[in-house]
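Structure, as structure tokens:
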Amino acid sequence: MAILAVKEEIILSALLMLEESSHGAPLRKKVIELSKKETVYGTLYNLLEVLIRKGYVTSHKSDPKPIRGGRSKTIYKITKKGKKALEETLRMHEHLKNSIPSFESGK
Amino acid sequence: MTLKKSTNSPVIARKLLSLMSGYHEKHSIIEDFEETYSEIKKSEGSFSAKWWYWGNALKSVVGYLKLTLSWRFTMFMNHLKIAYRNFIRHKLYSFINVFGLAIGLSICMIISLWVLREMSYDRFHEKAHRIYRVERELFRDNLYSRWPIVGGSYKQALIDDYPEIENAVRFWRREFAIKDNKNAVHRQGMFAVDNSVFEMFDFRLEEGDEDTALEEPLTVVLTRKNAVKYFGTGDPIGKSLTFEWQGEQTDFKVTGVLREVPDNSHIHFDMLISIASYPEEEFADWRSNYLYTYVLISENTSKSELEEKLKTFVTQRLEAHYGDLLLQDRSIHEVLKMHLFPIKDIHLHPTADWEVEPGGNILSVYIFSCVAVLILIIACMNFVNLSTARASKRAKEVSLRKTVGAEKHQLKVQFIQESVLLAFVSLVLAFFMCSLFIQSYNGIFAENLSLSLFLQLKHMIILVGATFAVGVLAGLYPAYYLTRFEPVAVMKGGPLSGSGKSVFRRNMVIIQFSITIILIVGVFTVYKQMRYIQTRSLGFDKENVIIIPVRSQQIAQNYGSFWTELMRNSQIVAASASSEVPADSHYSNSHVNPPESDEPISMILFSSDHDYVETYQLEVLAGRAFSRDFSTDTEGTIILNESAAHRIGWTPEEAVGKKLEGGYSESEAQVVGVVKNFHFKSLRREVEPMALFLYPNYIREISVRIMPGDIGKTLNFIQKTWETAFPAEQFEYSFLDNRINQLYASERKMQKIFVIFSSLSILVACLGLLGLVSFTAELKTKEIGIRRVLGASTGSVVVMLSKEFIKWILLANIIAWPLAWFMMNKWLQNFAYRANIGWFVFALAGFVTVSIAIFTFIFQTVKTACINPADSLRYE
């Protein structure tokens with residue numbers, strides 16, 4: 001069972017919410033929204049590199065769009081393996097939360 | 001990258017983003033940035049959008065560096081560690097590598113210091129590129145002369161005639177007796193100059209007004225150091241100095257303090273007087289040449305065009321005065337030419353006669369640069385050689401790296417890194433060695449070099465760049481060679497291609513030794529030529545002659561009584577006063593007319609009293625020497641040398657009794673004798689026609705031949721006699737043989753440099769050989785062990801190991817000999833009289849290299865051969 005780091009978890013969640021694939025700009029926006037923290041592209045790319053290397057994310061270049069000067073964008077897509085890892089991690093969070101009694105009673 | 005203009009994002013930040021190639025290729029960083037940028041711009045305005053763009057771009061750079069560099073750095077540290085371990089494990093090889101390279105580098109550094117110094121002469125003048133010295137070239141019938149001196153009226157005429165010439169200055173070398181504040185008299189050399197010296201050159205006054213200091217007659221400026229000699233401490237400005245000026249005590253007013261002239265100037269002085277102190281009439285004669293004239297030409301004027309224009313100067317100003325040289329309808333341009341000589345070139349291309357100071361030599365600059373490069377090549381080759389020889393030791397490492405996924409180019413980078421690293425270690429060592437040796441170098445060669453030149457940023461960069469290049473070059477072949485190994489073969493323990501014979505390595509050794517042999521032949525040839533110079537009969541006896549300079553007219557007038565007094569001492573063989581002696585820095589030439597032809601013939605003129613031939617023990621071929629016994633030996637009587645008689649077309653016997661006109665004689669004068677050619681100039685030159693006139697009124701030197709033995713006592717006697725005869729004059733003297741030796745100072749220096757550098761190159765080449773031999777021996781440990789078990793003697797094992805190397809070195813000899821012969825022959829062309837190189841020199845060079853090489857590897861192979869076979873076979 002693979003446990004994801006929190007940052008990785010957020011990125012994968014963001015990708016899932018963006019219908020499994022997205023290019024950089026909307027992804028960053030989503031990540032900021034989810035984590036409520038400023039995230040620089042550089043950090044984002046470095047994390048994506050790690051996820052790609054682990055096989056949770058794939059990337060490919062989109063067809064160039066005529067409106068934006070003809071250059072292609074990189075599209076990131078979550079893999080099955082990624083989805084599974086995210087699911088497992090989330091389940092573990094659930095389990096952790098349930099196991100701590102003070103969280104049950106108080107708020 | 002054609003983006004829509006409307007996005008309007010900061011250009012520089014965008015450039016910055018595009019630098020990060022990784023983000024650029026794998027992720028579309030610019031596109032993502034643009035998108036977010038235009039969103040923010042829409043919602044929050046363009047200022048905060050720009051702010052965001054910049055902030056995020058910079059932060060992303062940090063992220064990028066973390067991603068990429070950390071890995072590179074990790075690998076680099078690993079390479080460093082491996083390099084360090086290898087260095088420690090193979091101490092001998094590493095030492096040879098680093099030490100050899102350090103020697104090569106330090107020689108290069110010292111030589112480049114010297115070369116830089118030589119090249120820097122006269123470049124400190126801001127207008128140096130526009131300043132030229134006016135020179136005249138004169139083609140008289142058989143005598144060619146190119147002199148850097150002209151007459152005193154050239155300066156104004158040049159300025160008047162040519163608008164291109166912005167300014168000009170005259171330097172007239174003078175010498176006066178000056179009284180200091182304690183009434184002691186000093187002989188002081190100086191130049192009489194125009195005040196424009198401060199406008200044209202960067203010679204500066206520390207105090208005083210550069211615009212007017214030397215305008216007025218009877219003004220003088222001097223350096224602080226020199227001022228102390230005359231005035232003690234205290235401000236010299238406004239004080240006056242008492243000169244013995246044309247026979248009278250005359251006061252010169254001090255109007256300024258000169259800054260010291262930099263070492264790298266072709267002209268040095270510590271006192272200048274105004275040339276206006278001389279009346280204008282002094283410079284009226286166009287035919288006499290005695291002072292240096294420098295001109296400043298305007299920007300955008302080409303030297304060659306102006307030289308062409310100077311032809312009109314020759315026709316308009318000079319032709320009238322040189323009419324007598326225009327025989328057989330020759331045009332004046334064939335006889336007399338004016339040249340402009342760039343001052344930046346004066347030091348390395350000094351004229352043969354009348355040069356301000358003995359200069360450098362462009363040939364030595366070339367030769368020493370070549371030597372430096374050659375030695376560096378030898379050291380680099382060592383490096384390459386040893387690295388490839390050690391290849392088998394590294395093969396396992398290379399294979400392992402390959403197996404775990406290293407790419408060829410990564411391995412290459414690793415090895416090149418390693419050799420660059422070693423090169424820098426050598427550089428540090430070389431710096432250390434330089435700072436140790438530079439003192440003794442300066443001592444031996446009387447130079448004043450300083451390592452601090454390398455601390456200048458420009459030179460520092462060059463040095464570091466050069467070291468880097470050496471490292472890369474030396475690492476290239478090993479890198480290529482080492483990364484070829486096939487992991488499977490190596491791991492199985494198969495035979496290695498790096499261990500056996502290598503054509504490449506053999507060639508390296510051969511080239512190294514060829515270079516060394518060339519240097520050795522160079523040493524021997526220079527040595528032989530120097531011996532030749534010292535032992536060749538010069539046509540006169542140079543031993544036991546003392547030369548006393550004559551510096552005032554009073555000495556010439558009272559010389560007779562001084563001479564009589566000298567002759568009373570039995571230790572003094574002969575004495576003669578003359579205008580010229582051998583090994584003078586320059587000789588004047590003029591022309592004489594044989595009566596039967598109207599063609600004047602140029603000759604070098606000597607004037608002397610009756611005793612010249614006896615004092616110098618010249619060999620009289622025909623006729624006789626001057627003699628007091630002949631009343632016909634009046635002023636103007638002539639003795640010719642052999643080549644002068646030959647030039648006129650007489651045999652020595654025919655010449656005696658003939659009449660000649662010109663030179664120092666007012667009317668026709670008789671030739672009374674012909675002497676054998678003697679080398680009054682250096683052996684670089686052929687002996688020129690010379691005429692010796694009996695003319696005791698014009699003397700510049702007194703030559704005294706003394707008996708060998710107690711020279712000190714005789715000198716004392718001469719000094720006492722001098723002091724009684726000329727109480728006001730300082731007594732100075734030099735030995736003739738020393739003066740003659742001085743003529744060959746540059747050759748002697750070259751000899752020393754050759755000896756030092758060729759021994760260093762032998763050392764470096766032998767270090768390489770030592771490394772190679774010990775390596776071969778190590779590889780063959782097993783073989784040697786088996787041979788020894790089967791009964792081979794130590795001797796036969798040594799022979800087996802050394803056979804191949806000897807073959808290489810012999811081959812190197814054969815390659816080097818013709819090259820060396822060619823080069824040294826070129827060098828010997830400098831001399832009109834030269835030694836034969838001879839086969840012996842080559843044989844000796846061969847012998848020296850072979851024996852040093854044999855010594856080197858016997859040292860190593862005997863060690864290997866003596867190991868007990870039981871030990872050597874157990875090894876591995």
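The way I read the labels, and the way they are meant: chains A, B, ... in the order of the structure tokens, residue 1 as the first residue of every chain, and ligand 1 as the first ligand shown, with later ones counted on from there.
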
With a cut-off of 9 Å and counting only C-alpha atoms, select all residues of chain B in contact with chain A and give the selection as an mmCIF file with N, CA and C atoms, in the first residue's frame.
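Okay, this is what ended up in part-v1.cif:
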```
data_model
loop_
_atom_site.group_PDB
_atom_site.id
_atom_site.type_symbol
_atom_site.label_atom_id
_atom_site.label_comp_id
_atom_site.auth_asym_id
_atom_site.auth_seq_id
_atom_site.Cartn_x
_atom_site.Cartn_y
_atom_site.Cartn_z
ATOM 1 N N MET B 1 8.674 31.477 -30.276
ATOM 2 C CA MET B 1 7.864 31.952 -29.150
ATOM 3 C C MET B 1 7.067 33.182 -29.567
ATOM 4 N N THR B 2 6.087 32.941 -30.350
ATOM 5 C CA THR B 2 5.276 34.083 -30.783
ATOM 6 C C THR B 2 4.036 34.171 -29.938
ATOM 7 N N LEU B 3 4.056 35.041 -29.006
ATOM 8 C CA LEU B 3 2.913 35.205 -28.114
ATOM 9 C C LEU B 3 2.113 36.405 -28.568
ATOM 10 N N LYS B 4 0.866 36.336 -28.210
ATOM 11 C CA LYS B 4 0.009 37.470 -28.555
ATOM 12 C C LYS B 4 0.504 38.715 -27.859
ATOM 13 N N TYR B 23 11.934 22.880 -17.450
ATOM 14 C CA TYR B 23 10.543 23.276 -17.301
ATOM 15 C C TYR B 23 9.912 23.589 -18.651
ATOM 16 N N LYS B 26 9.565 19.860 -20.583
ATOM 17 C CA LYS B 26 8.657 18.878 -20.011
ATOM 18 C C LYS B 26 7.310 19.499 -19.623
ATOM 19 N N HIS B 27 7.381 20.727 -19.180
ATOM 20 C CA HIS B 27 6.140 21.408 -18.786
ATOM 21 C C HIS B 27 6.060 22.668 -19.624
ATOM 22 N N SER B 28 4.853 23.144 -19.898
ATOM 23 C CA SER B 28 4.783 24.351 -20.730
ATOM 24 C C SER B 28 4.738 25.581 -19.842
ATOM 25 N N ILE B 29 5.876 25.895 -19.268
ATOM 26 C CA ILE B 29 5.895 26.922 -18.217
ATOM 27 C C ILE B 29 5.429 28.292 -18.711
ATOM 28 N N GLU B 31 3.503 29.116 -21.227
ATOM 29 C CA GLU B 31 2.078 29.147 -21.524
ATOM 30 C C GLU B 31 1.260 29.223 -20.241
ATOM 31 N N ASP B 32 1.670 28.424 -19.248
ATOM 32 C CA ASP B 32 0.931 28.447 -17.984
ATOM 33 C C ASP B 32 1.018 29.806 -17.322
ATOM 34 N N PHE B 33 2.186 30.365 -17.343
ATOM 35 C CA PHE B 33 2.370 31.690 -16.748
ATOM 36 C C PHE B 33 1.493 32.723 -17.449
ATOM 37 N N GLU B 34 1.514 32.663 -18.786
ATOM 38 C CA GLU B 34 0.741 33.640 -19.553
ATOM 39 C C GLU B 34 -0.742 33.558 -19.188
ATOM 40 N N GLU B 35 -1.202 32.312 -19.057
ATOM 41 C CA GLU B 35 -2.632 32.133 -18.796
ATOM 42 C C GLU B 35 -3.022 32.749 -17.458
ATOM 43 N N THR B 36 -2.266 32.380 -16.425
ATOM 44 C CA THR B 36 -2.580 32.918 -15.092
ATOM 45 C C THR B 36 -2.432 34.429 -15.088
ATOM 46 N N GLY B 55 7.310 37.734 -9.191
ATOM 47 C CA GLY B 55 7.499 36.983 -7.954
ATOM 48 C C GLY B 55 7.523 35.492 -8.224
ATOM 49 N N ASN B 56 6.567 35.026 -9.001
ATOM 50 C CA ASN B 56 6.484 33.588 -9.257
ATOM 51 C C ASN B 56 7.617 33.085 -10.137
ATOM 52 N N ALA B 57 8.007 33.935 -11.081
ATOM 53 C CA ALA B 57 9.115 33.519 -11.953
ATOM 54 C C ALA B 57 10.364 33.282 -11.118
ATOM 55 N N LYS B 59 10.625 32.675 -7.915
ATOM 56 C CA LYS B 59 10.473 31.522 -7.024
ATOM 57 C C LYS B 59 10.617 30.215 -7.796
ATOM 58 N N SER B 60 10.115 30.225 -9.028
ATOM 59 C CA SER B 60 10.233 29.004 -9.829
ATOM 60 C C SER B 60 11.680 28.680 -10.156
ATOM 61 N N VAL B 61 12.472 29.724 -10.338
ATOM 62 C CA VAL B 61 13.897 29.493 -10.600
ATOM 63 C C VAL B 61 14.511 28.728 -9.442
ATOM 64 N N VAL B 62 14.164 29.138 -8.234
ATOM 65 C CA VAL B 62 14.679 28.441 -7.059
ATOM 66 C C VAL B 62 14.294 26.969 -7.120
ATOM 67 N N GLY B 63 13.043 26.719 -7.428
ATOM 68 C CA GLY B 63 12.576 25.353 -7.528
ATOM 69 C C GLY B 63 13.339 24.576 -8.585
ATOM 70 N N TYR B 64 13.616 25.266 -9.696
ATOM 71 C CA TYR B 64 14.315 24.608 -10.808
ATOM 72 C C TYR B 64 15.725 24.212 -10.408
ATOM 73 N N LYS B 66 16.840 23.623 -7.476
ATOM 74 C CA LYS B 66 16.778 22.502 -6.541
ATOM 75 C C LYS B 66 16.680 21.194 -7.302
ATOM 76 N N LEU B 67 15.817 21.206 -8.323
ATOM 77 C CA LEU B 67 15.562 19.984 -9.068
ATOM 78 C C LEU B 67 16.805 19.514 -9.819
#
```

Practice item. Mind checking which residues fall within 12 Å of B:Gly709, counting only C-alpha atoms, ignoring those fewer than 2 positions away in the same chain, and posting them as a ChimeraX atom specification? Key: /B:543-544,571-572,706-707,711-715

If you keep C-alpha atoms, can you produce a file of those selected residues as a PDB file, in the first residue's frame?
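Full text of selection-v3.pdb as output:
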```
ATOM      1  CA  GLU B 543      93.712  40.475 -22.154  1.00  0.00           C
ATOM      2  CA  ASN B 544      95.225  42.952 -19.694  1.00  0.00           C
ATOM      3  CA  GLN B 571     104.392  47.250 -15.475  1.00  0.00           C
ATOM      4  CA  ILE B 572     102.806  49.318 -18.203  1.00  0.00           C
ATOM      5  CA  ILE B 706      99.620  46.337 -18.494  1.00  0.00           C
ATOM      6  CA  MET B 707     101.698  43.325 -17.506  1.00  0.00           C
ATOM      7  CA  ILE B 711      97.112  44.165 -11.530  1.00  0.00           C
ATOM      8  CA  GLY B 712      95.789  45.871  -8.391  1.00  0.00           C
ATOM      9  CA  LYS B 713      99.116  47.583  -7.797  1.00  0.00           C
ATOM     10  CA  THR B 714      99.376  48.742 -11.391  1.00  0.00           C
ATOM     11  CA  LEU B 715      95.821  50.063 -11.268  1.00  0.00           C
TER      12      LEU B 715
END
```

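With only C-alpha atoms as the atoms that count, the minimum distance from A:Leu4 to the choices A:Arg91, A:Lys97, A:Lys80, A:Lys30 is reached by A:Arg91.
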
Review point. Near A:Ala85, counting only C-alpha atoms, which residues have an atom at most 7 Å away, once you skip same-chain residues fewer than 3 positions from it, shown as a PyMOL selection string?
Key: chain A and resi 2-3+81-82+88-89

Resulting file, chosen residues, N, CA and C atoms, as an mmCIF file, in the first residue's frame:
```
data_model
loop_
_atom_site.group_PDB
_atom_site.id
_atom_site.type_symbol
_atom_site.label_atom_id
_atom_site.label_comp_id
_atom_site.auth_asym_id
_atom_site.auth_seq_id
_atom_site.Cartn_x
_atom_site.Cartn_y
_atom_site.Cartn_z
ATOM 1 N N ALA A 2 0.525 2.142 -0.941
ATOM 2 C CA ALA A 2 1.331 3.357 -1.032
ATOM 3 C C ALA A 2 0.661 4.509 -0.323
ATOM 4 N N ILE A 3 1.418 5.144 0.532
ATOM 5 C CA ILE A 3 0.877 6.321 1.210
ATOM 6 C C ILE A 3 1.466 7.557 0.541
ATOM 7 N N LYS A 81 -3.193 3.862 -11.362
ATOM 8 C CA LYS A 81 -2.355 3.642 -10.196
ATOM 9 C C LYS A 81 -2.462 4.832 -9.256
ATOM 10 N N GLY A 82 -2.513 6.003 -9.839
ATOM 11 C CA GLY A 82 -2.618 7.232 -9.059
ATOM 12 C C GLY A 82 -3.944 7.292 -8.308
ATOM 13 N N GLU A 88 -6.464 4.925 -1.411
ATOM 14 C CA GLU A 88 -5.906 4.256 -0.234
ATOM 15 C C GLU A 88 -5.499 5.277 0.816
ATOM 16 N N THR A 89 -4.892 6.354 0.363
ATOM 17 C CA THR A 89 -4.433 7.375 1.297
ATOM 18 C C THR A 89 -5.617 8.022 2.009
#
```

Pick out each residue of stretch 123-272 of chain B that DSSP on the backbone tags as strand (DSSP E or B); I need them as an mmCIF file with C-alpha atoms, in the first residue's frame.
```cif
data_model
loop_
_atom_site.group_PDB
_atom_site.id
_atom_site.type_symbol
_atom_site.label_atom_id
_atom_site.label_comp_id
_atom_site.auth_asym_id
_atom_site.auth_seq_id
_atom_site.Cartn_x
_atom_site.Cartn_y
_atom_site.Cartn_z
ATOM 1 C CA ILE B 131 54.795 58.223 -31.546
ATOM 2 C CA TYR B 132 57.580 57.357 -33.967
ATOM 3 C CA ARG B 133 61.307 57.848 -33.943
ATOM 4 C CA VAL B 134 62.814 59.440 -37.021
ATOM 5 C CA GLU B 135 65.521 57.265 -38.520
ATOM 6 C CA ARG B 136 67.766 57.670 -41.543
ATOM 7 C CA GLU B 137 68.982 54.954 -43.764
ATOM 8 C CA LEU B 138 72.102 55.612 -45.766
ATOM 9 C CA PHE B 139 73.377 53.429 -48.582
ATOM 10 C CA TYR B 144 74.982 50.482 -45.164
ATOM 11 C CA SER B 145 73.901 52.286 -42.070
ATOM 12 C CA ARG B 146 70.597 52.788 -40.407
ATOM 13 C CA TRP B 147 70.787 55.230 -37.587
ATOM 14 C CA ILE B 149 69.873 59.742 -34.865
ATOM 15 C CA VAL B 150 69.409 62.844 -36.969
ATOM 16 C CA ILE B 165 53.136 65.744 -37.576
ATOM 17 C CA GLU B 166 51.508 67.246 -34.546
ATOM 18 C CA ASN B 167 54.497 67.503 -32.330
ATOM 19 C CA ALA B 168 58.130 66.510 -32.056
ATOM 20 C CA VAL B 169 60.814 66.295 -29.429
ATOM 21 C CA ARG B 170 64.582 66.001 -29.514
ATOM 22 C CA PHE B 171 66.672 63.950 -27.053
ATOM 23 C CA TRP B 172 70.348 64.838 -27.083
ATOM 24 C CA ARG B 173 72.539 62.736 -24.829
ATOM 25 C CA ARG B 174 74.876 64.951 -22.810
ATOM 26 C CA GLU B 175 77.205 64.588 -19.909
ATOM 27 C CA PHE B 176 78.419 67.296 -17.565
ATOM 28 C CA ALA B 177 80.396 67.721 -14.412
ATOM 29 C CA ILE B 178 78.079 69.110 -11.754
ATOM 30 C CA LYS B 179 78.953 70.360 -8.289
ATOM 31 C CA VAL B 185 81.919 67.053 -8.573
ATOM 32 C CA HIS B 186 79.666 64.417 -10.153
ATOM 33 C CA ARG B 187 79.677 63.204 -13.728
ATOM 34 C CA GLN B 188 76.047 63.274 -14.714
ATOM 35 C CA GLY B 189 74.529 61.810 -17.844
ATOM 36 C CA MET B 190 71.344 63.495 -19.074
ATOM 37 C CA PHE B 191 69.368 64.442 -22.107
ATOM 38 C CA ALA B 192 68.851 67.919 -23.488
ATOM 39 C CA VAL B 193 65.218 67.962 -24.603
ATOM 40 C CA LEU B 205 56.792 65.954 -13.340
ATOM 41 C CA GLU B 206 55.991 65.328 -9.708
ATOM 42 C CA GLU B 207 56.375 69.026 -9.055
ATOM 43 C CA GLY B 208 56.742 71.974 -11.351
ATOM 44 C CA THR B 219 66.737 75.086 -16.850
ATOM 45 C CA VAL B 220 66.932 71.574 -15.460
ATOM 46 C CA VAL B 221 64.549 68.987 -14.008
ATOM 47 C CA LEU B 222 65.670 65.943 -12.051
ATOM 48 C CA THR B 223 64.247 62.996 -10.132
ATOM 49 C CA SER B 240 70.384 76.076 -8.924
ATOM 50 C CA LEU B 241 72.957 73.527 -10.032
ATOM 51 C CA THR B 242 76.436 74.499 -11.197
ATOM 52 C CA PHE B 243 77.393 72.831 -14.472
ATOM 53 C CA GLU B 244 80.763 72.870 -16.134
ATOM 54 C CA TRP B 245 79.215 74.257 -19.288
ATOM 55 C CA GLU B 248 82.680 77.756 -17.682
ATOM 56 C CA GLN B 249 80.808 77.327 -14.416
ATOM 57 C CA THR B 250 77.193 77.991 -15.280
ATOM 58 C CA ASP B 251 74.119 77.893 -13.076
ATOM 59 C CA PHE B 252 71.094 75.913 -14.161
ATOM 60 C CA LYS B 253 67.794 76.595 -12.460
ATOM 61 C CA VAL B 254 65.786 73.611 -11.176
ATOM 62 C CA THR B 255 62.228 73.996 -12.435
ATOM 63 C CA GLY B 256 60.729 70.612 -11.683
ATOM 64 C CA VAL B 257 60.986 67.214 -10.073
ATOM 65 C CA LEU B 258 60.794 64.280 -12.474
ATOM 66 C CA MET B 271 67.993 64.527 -15.334
ATOM 67 C CA LEU B 272 66.800 66.614 -18.285
#
```

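Taking only C-alpha atoms into account, A:Thr58 lies nearest to A:Lys77 out of the set A:Leu86, A:His93, A:Ile10, A:Lys77.
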
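Per DSSP on the backbone, helix (DSSP H, G or I) in stretch 208-301 of chain B comprises Arg224, Lys225, Asn226, Ala227, Val228, Lys229, Tyr230, Phe231, Ile275, Ala276, Ser277, Glu280, Glu281, Glu282 and Phe283 of chain B.
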
Expected file: the selected residues, N, CA and C atoms, as a PDB file, in the first residue's frame:
```
ATOM      1  N   ARG B 224      63.599  62.910  -7.822  1.00  0.00           N
ATOM      2  CA  ARG B 224      63.725  63.141  -6.377  1.00  0.00           C
ATOM      3  C   ARG B 224      65.011  62.495  -5.862  1.00  0.00           C
ATOM      4  N   LYS B 225      65.242  61.245  -6.291  1.00  0.00           N
ATOM      5  CA  LYS B 225      66.409  60.503  -5.815  1.00  0.00           C
ATOM      6  C   LYS B 225      67.696  61.235  -6.171  1.00  0.00           C
ATOM      7  N   ASN B 226      67.734  61.703  -7.409  1.00  0.00           N
ATOM      8  CA  ASN B 226      68.926  62.390  -7.882  1.00  0.00           C
ATOM      9  C   ASN B 226      69.095  63.725  -7.169  1.00  0.00           C
ATOM     10  N   ALA B 227      67.980  64.367  -6.867  1.00  0.00           N
ATOM     11  CA  ALA B 227      68.044  65.662  -6.192  1.00  0.00           C
ATOM     12  C   ALA B 227      68.707  65.522  -4.834  1.00  0.00           C
ATOM     13  N   VAL B 228      68.429  64.396  -4.166  1.00  0.00           N
ATOM     14  CA  VAL B 228      69.018  64.178  -2.843  1.00  0.00           C
ATOM     15  C   VAL B 228      70.542  64.199  -2.937  1.00  0.00           C
ATOM     16  N   LYS B 229      71.052  63.642  -4.053  1.00  0.00           N
ATOM     17  CA  LYS B 229      72.500  63.590  -4.238  1.00  0.00           C
ATOM     18  C   LYS B 229      73.093  65.007  -4.256  1.00  0.00           C
ATOM     19  N   TYR B 230      72.384  65.942  -4.862  1.00  0.00           N
ATOM     20  CA  TYR B 230      72.956  67.280  -5.019  1.00  0.00           C
ATOM     21  C   TYR B 230      72.565  68.230  -3.898  1.00  0.00           C
ATOM     22  N   PHE B 231      71.346  68.100  -3.410  1.00  0.00           N
ATOM     23  CA  PHE B 231      70.863  69.100  -2.444  1.00  0.00           C
ATOM     24  C   PHE B 231      70.592  68.525  -1.066  1.00  0.00           C
ATOM     25  N   ILE B 275      66.845  72.054 -24.125  1.00  0.00           N
ATOM     26  CA  ILE B 275      67.723  72.076 -25.297  1.00  0.00           C
ATOM     27  C   ILE B 275      67.895  73.520 -25.764  1.00  0.00           C
ATOM     28  N   ALA B 276      67.002  74.399 -25.274  1.00  0.00           N
ATOM     29  CA  ALA B 276      67.102  75.821 -25.615  1.00  0.00           C
ATOM     30  C   ALA B 276      68.347  76.449 -24.986  1.00  0.00           C
ATOM     31  N   SER B 277      68.997  75.719 -24.059  1.00  0.00           N
ATOM     32  CA  SER B 277      70.238  76.242 -23.489  1.00  0.00           C
ATOM     33  C   SER B 277      71.308  76.387 -24.558  1.00  0.00           C
ATOM     34  N   GLU B 280      70.794  78.419 -31.293  1.00  0.00           N
ATOM     35  CA  GLU B 280      70.239  77.812 -32.508  1.00  0.00           C
ATOM     36  C   GLU B 280      71.337  77.409 -33.490  1.00  0.00           C
ATOM     37  N   GLU B 281      72.427  78.216 -33.550  1.00  0.00           N
ATOM     38  CA  GLU B 281      73.505  77.932 -34.522  1.00  0.00           C
ATOM     39  C   GLU B 281      74.098  76.532 -34.305  1.00  0.00           C
ATOM     40  N   GLU B 282      74.030  76.072 -33.089  1.00  0.00           N
ATOM     41  CA  GLU B 282      74.582  74.762 -32.737  1.00  0.00           C
ATOM     42  C   GLU B 282      73.996  73.664 -33.634  1.00  0.00           C
ATOM     43  N   PHE B 283      72.745  73.872 -34.077  1.00  0.00           N
ATOM     44  CA  PHE B 283      72.052  72.824 -34.831  1.00  0.00           C
ATOM     45  C   PHE B 283      72.034  73.071 -36.332  1.00  0.00           C
TER      46      PHE B 283
END
```

Check your understanding: If we count only C-alpha atoms, what is near stretch 367-376 of chain B at a cut-off of 6 Å, once residues fewer than 3 positions away on the same chain are taken out, given as a list in words?
Key -> Gly104, Cys108, Ser364, Ala379 and Ser761 of chain B

Expected file: the selected residues, C-alpha atoms, as an mmCIF file, in the first residue's frame:
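Dumped everything to again_34.cif:
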```cif
data_model
loop_
_atom_site.group_PDB
_atom_site.id
_atom_site.type_symbol
_atom_site.label_atom_id
_atom_site.label_comp_id
_atom_site.auth_asym_id
_atom_site.auth_seq_id
_atom_site.Cartn_x
_atom_site.Cartn_y
_atom_site.Cartn_z
ATOM 1 C CA GLY B 104 55.448 22.649 -17.105
ATOM 2 C CA CYS B 108 55.198 28.640 -18.771
ATOM 3 C CA SER B 364 64.653 35.366 -27.867
ATOM 4 C CA ALA B 379 54.081 17.625 -19.367
ATOM 5 C CA SER B 761 62.339 19.106 -19.685
#
```

Exercise for review: Work out how far apart atom CA of B:Ile806 and atom CA of B:Ser851 are and give it in Å to one decimal.
Suggested key: 9.6 Å

Review point. What does the distance between atom CA of B:Met77 and atom CA of B:Lys412 come to in Å, to one decimal place?
Key: 15.8 Å
